[in-house]
Amino acid sequence: DFHHSRLDERKEKSSLKTSSLVSGQRQRKIHEKDISTKEKRASTFYTKRLRTTLNDTDSSIEQQNSFAYTDEEFRNKIFELLRTNNLEAIQYIRNVLSTGDWDAIQMALDCKLIPHLISLLINRTEELRIEATWCLTNIATG
């Protein structure tokens with residue numbers, strides 16, 4: 001009897017080990033599935049975000065490069081801004097400078113636009129300050 005009871009204890013321990021092993025394997029599979037699902041979701045989100053960002057960048061580059069202007073118009077808008085601090089003039093200048101055209105940047109430098117843009121950052125309306133900041137940024141980044 002002692003021998004049989006000892007054998008029964010071993011079987012119980014063995015079955016407990018097996019059931020806990022199976023339970024552990026199930027839990028690992030569930031955990032792996034959760035991780036896999038989270039990774040797929042994150043990957044999908046990242047891909048969509050990247051695609052959206054690239055599309056936005058492409059369209060903004062197209063918009064920037066599609067802004068048509070002439071040197072004479074640009075120079076006139078610079079002088080108008082220097083005389084009147086007109087919001088429309090500075091917006092036009094910002095659009096031209098955002099194209100990255102080196103000739104336009106050089107013209108802005110030659111017309112002494114930078115000191116005037118810096119002066120607009122002080123004691124002016126918020127719209128003018130924002131536009132002046134963008135103009136300076138566009139000049140600096142080329």
# chains A, B, ... in the order shown; residues from 1 in each chain; ligands from 1
>>> residues_around(residues="A:Arg129", least_positions_apart="6", cutoff="9 Å", atoms="only C-alpha atoms", output="ChimeraX atom specification")
/A:117-118,120-123
>>> residues_around(residues="A:Asp71", least_positions_apart="5", cutoff="12 Å", atoms="only C-alpha atoms", output="list in words")
Asn76, Lys77, Ile78, Ile93, Val96, Leu97, Asp101, Trp102, Asp103, Ala104, Ile105, Gln106, Met107 and Ala108 of chain A
>>> write_last_selection(atoms="N, CA and C atoms", output="PDB file, in the first residue's frame")
ATOM      1  N   ASN A  76       9.059  94.828 -55.585  1.00  0.00           N
ATOM      2  CA  ASN A  76       8.017  95.807 -55.234  1.00  0.00           C
ATOM      3  C   ASN A  76       7.368  95.479 -53.893  1.00  0.00           C
ATOM      4  N   LYS A  77       7.132  94.199 -53.639  1.00  0.00           N
ATOM      5  CA  LYS A  77       6.526  93.794 -52.359  1.00  0.00           C
ATOM      6  C   LYS A  77       7.489  94.055 -51.200  1.00  0.00           C
ATOM      7  N   ILE A  78       8.770  93.857 -51.428  1.00  0.00           N
ATOM      8  CA  ILE A  78       9.755  94.151 -50.382  1.00  0.00           C
ATOM      9  C   ILE A  78       9.707  95.639 -50.041  1.00  0.00           C
ATOM     10  N   ILE A  93       5.965  87.876 -49.573  1.00  0.00           N
ATOM     11  CA  ILE A  93       7.408  87.683 -49.409  1.00  0.00           C
ATOM     12  C   ILE A  93       7.688  86.311 -48.784  1.00  0.00           C
ATOM     13  N   VAL A  96       7.328  83.607 -51.396  1.00  0.00           N
ATOM     14  CA  VAL A  96       8.461  83.582 -52.326  1.00  0.00           C
ATOM     15  C   VAL A  96       9.677  82.958 -51.649  1.00  0.00           C
ATOM     16  N   LEU A  97       9.970  83.378 -50.422  1.00  0.00           N
ATOM     17  CA  LEU A  97      11.142  82.865 -49.710  1.00  0.00           C
ATOM     18  C   LEU A  97      11.007  81.372 -49.384  1.00  0.00           C
ATOM     19  N   ASP A 101      14.317  79.647 -53.401  1.00  0.00           N
ATOM     20  CA  ASP A 101      15.012  80.231 -54.555  1.00  0.00           C
ATOM     21  C   ASP A 101      16.139  81.143 -54.059  1.00  0.00           C
ATOM     22  N   TRP A 102      17.370  80.773 -54.398  1.00  0.00           N
ATOM     23  CA  TRP A 102      18.537  81.523 -53.926  1.00  0.00           C
ATOM     24  C   TRP A 102      18.545  82.953 -54.435  1.00  0.00           C
ATOM     25  N   ASP A 103      18.058  83.177 -55.650  1.00  0.00           N
ATOM     26  CA  ASP A 103      18.016  84.545 -56.191  1.00  0.00           C
ATOM     27  C   ASP A 103      17.077  85.428 -55.364  1.00  0.00           C
ATOM     28  N   ALA A 104      15.948  84.855 -54.940  1.00  0.00           N
ATOM     29  CA  ALA A 104      14.998  85.614 -54.120  1.00  0.00           C
ATOM     30  C   ALA A 104      15.614  85.928 -52.755  1.00  0.00           C
ATOM     31  N   ILE A 105      16.302  84.968 -52.193  1.00  0.00           N
ATOM     32  CA  ILE A 105      16.959  85.197 -50.899  1.00  0.00           C
ATOM     33  C   ILE A 105      18.024  86.282 -51.031  1.00  0.00           C
ATOM     34  N   GLN A 106      18.795  86.219 -52.104  1.00  0.00           N
ATOM     35  CA  GLN A 106      19.832  87.231 -52.331  1.00  0.00           C
ATOM     36  C   GLN A 106      19.205  88.610 -52.511  1.00  0.00           C
ATOM     37  N   MET A 107      18.071  88.663 -53.226  1.00  0.00           N
ATOM     38  CA  MET A 107      17.390  89.942 -53.419  1.00  0.00           C
ATOM     39  C   MET A 107      16.918  90.496 -52.074  1.00  0.00           C
ATOM     40  N   ALA A 108      16.401  89.630 -51.216  1.00  0.00           N
ATOM     41  CA  ALA A 108      15.956  90.061 -49.889  1.00  0.00           C
ATOM     42  C   ALA A 108      17.134  90.610 -49.090  1.00  0.00           C
TER      43      ALA A 108
END
>>> closest_residue(among="A:Arg124, A:Arg94, A:Lys112, A:Asn85", to="A:Leu136", atoms="only C-alpha atoms")
A:Arg94
>>> closest_residue(among="A:Asn86, A:Thr70, A:Ile30, A:Leu109", to="A:Thr125", atoms="only C-alpha atoms")
A:Asn86
>>> decode(residues="stretch 72-93 of chain A", atoms="N, CA, C and O atoms", output="mmCIF file, in the first residue's frame")
data_model
loop_
_atom_site.group_PDB
_atom_site.id
_atom_site.type_symbol
_atom_site.label_atom_id
_atom_site.label_comp_id
_atom_site.auth_asym_id
_atom_site.auth_seq_id
_atom_site.Cartn_x
_atom_site.Cartn_y
_atom_site.Cartn_z
ATOM 1 N N GLU A 72 10.499 91.449 -60.348
ATOM 2 C CA GLU A 72 9.988 92.817 -60.179
ATOM 3 C C GLU A 72 8.870 92.847 -59.135
ATOM 4 O O GLU A 72 8.847 93.726 -58.269
ATOM 5 N N GLU A 73 7.944 91.882 -59.205
ATOM 6 C CA GLU A 73 6.871 91.819 -58.201
ATOM 7 C C GLU A 73 7.448 91.628 -56.799
ATOM 8 O O GLU A 73 7.012 92.284 -55.846
ATOM 9 N N PHE A 74 8.412 90.752 -56.700
ATOM 10 C CA PHE A 74 9.014 90.466 -55.412
ATOM 11 C C PHE A 74 9.700 91.718 -54.848
ATOM 12 O O PHE A 74 9.508 92.068 -53.683
ATOM 13 N N ARG A 75 10.466 92.394 -55.674
ATOM 14 C CA ARG A 75 11.156 93.610 -55.230
ATOM 15 C C ARG A 75 10.140 94.673 -54.804
ATOM 16 O O ARG A 75 10.310 95.331 -53.768
ATOM 17 N N ASN A 76 9.059 94.828 -55.585
ATOM 18 C CA ASN A 76 8.017 95.807 -55.234
ATOM 19 C C ASN A 76 7.368 95.479 -53.893
ATOM 20 O O ASN A 76 7.083 96.373 -53.098
ATOM 21 N N LYS A 77 7.132 94.199 -53.639
ATOM 22 C CA LYS A 77 6.526 93.794 -52.359
ATOM 23 C C LYS A 77 7.489 94.055 -51.200
ATOM 24 O O LYS A 77 7.069 94.438 -50.109
ATOM 25 N N ILE A 78 8.770 93.857 -51.428
ATOM 26 C CA ILE A 78 9.755 94.151 -50.382
ATOM 27 C C ILE A 78 9.707 95.639 -50.041
ATOM 28 O O ILE A 78 9.630 96.020 -48.870
ATOM 29 N N PHE A 79 9.720 96.492 -51.072
ATOM 30 C CA PHE A 79 9.700 97.936 -50.821
ATOM 31 C C PHE A 79 8.373 98.369 -50.197
ATOM 32 O O PHE A 79 8.352 99.255 -49.338
ATOM 33 N N GLU A 80 7.286 97.727 -50.602
ATOM 34 C CA GLU A 80 5.986 98.020 -49.989
ATOM 35 C C GLU A 80 6.018 97.673 -48.501
ATOM 36 O O GLU A 80 5.538 98.434 -47.660
ATOM 37 N N LEU A 81 6.593 96.530 -48.176
ATOM 38 C CA LEU A 81 6.700 96.125 -46.775
ATOM 39 C C LEU A 81 7.572 97.105 -45.996
ATOM 40 O O LEU A 81 7.238 97.491 -44.874
ATOM 41 N N LEU A 82 8.688 97.506 -46.581
ATOM 42 C CA LEU A 82 9.588 98.441 -45.907
ATOM 43 C C LEU A 82 8.891 99.775 -45.623
ATOM 44 O O LEU A 82 9.155 100.425 -44.612
ATOM 45 N N ARG A 83 7.977 100.196 -46.526
ATOM 46 C CA ARG A 83 7.264 101.469 -46.360
ATOM 47 C C ARG A 83 6.057 101.360 -45.439
ATOM 48 O O ARG A 83 5.818 102.252 -44.626
ATOM 49 N N THR A 84 5.263 100.266 -45.574
ATOM 50 C CA THR A 84 3.936 100.268 -44.952
ATOM 51 C C THR A 84 3.683 99.143 -43.944
ATOM 52 O O THR A 84 2.657 99.160 -43.269
ATOM 53 N N ASN A 85 4.557 98.174 -43.838
ATOM 54 C CA ASN A 85 4.324 96.993 -42.983
ATOM 55 C C ASN A 85 2.995 96.301 -43.304
ATOM 56 O O ASN A 85 2.267 95.866 -42.426
ATOM 57 N N ASN A 86 2.717 96.223 -44.594
ATOM 58 C CA ASN A 86 1.488 95.622 -45.086
ATOM 59 C C ASN A 86 1.523 94.093 -44.884
ATOM 60 O O ASN A 86 2.486 93.428 -45.277
ATOM 61 N N LEU A 87 0.461 93.546 -44.295
ATOM 62 C CA LEU A 87 0.393 92.103 -44.034
ATOM 63 C C LEU A 87 0.405 91.310 -45.345
ATOM 64 O O LEU A 87 1.085 90.286 -45.456
ATOM 65 N N GLU A 88 -0.308 91.796 -46.351
ATOM 66 C CA GLU A 88 -0.344 91.093 -47.639
ATOM 67 C C GLU A 88 1.057 91.034 -48.270
ATOM 68 O O GLU A 88 1.458 90.016 -48.838
ATOM 69 N N ALA A 89 1.803 92.103 -48.130
ATOM 70 C CA ALA A 89 3.153 92.153 -48.704
ATOM 71 C C ALA A 89 4.065 91.136 -48.020
ATOM 72 O O ALA A 89 4.806 90.403 -48.688
ATOM 73 N N ILE A 90 4.002 91.071 -46.697
ATOM 74 C CA ILE A 90 4.886 90.140 -45.994
ATOM 75 C C ILE A 90 4.479 88.691 -46.253
ATOM 76 O O ILE A 90 5.328 87.797 -46.335
ATOM 77 N N GLN A 91 3.193 88.442 -46.440
ATOM 78 C CA GLN A 91 2.751 87.082 -46.786
ATOM 79 C C GLN A 91 3.264 86.684 -48.168
ATOM 80 O O GLN A 91 3.684 85.547 -48.386
ATOM 81 N N TYR A 92 3.222 87.620 -49.098
ATOM 82 C CA TYR A 92 3.755 87.369 -50.429
ATOM 83 C C TYR A 92 5.252 87.071 -50.347
ATOM 84 O O TYR A 92 5.748 86.120 -50.948
ATOM 85 N N ILE A 93 5.965 87.876 -49.573
ATOM 86 C CA ILE A 93 7.408 87.683 -49.409
ATOM 87 C C ILE A 93 7.688 86.311 -48.784
ATOM 88 O O ILE A 93 8.594 85.594 -49.215
#
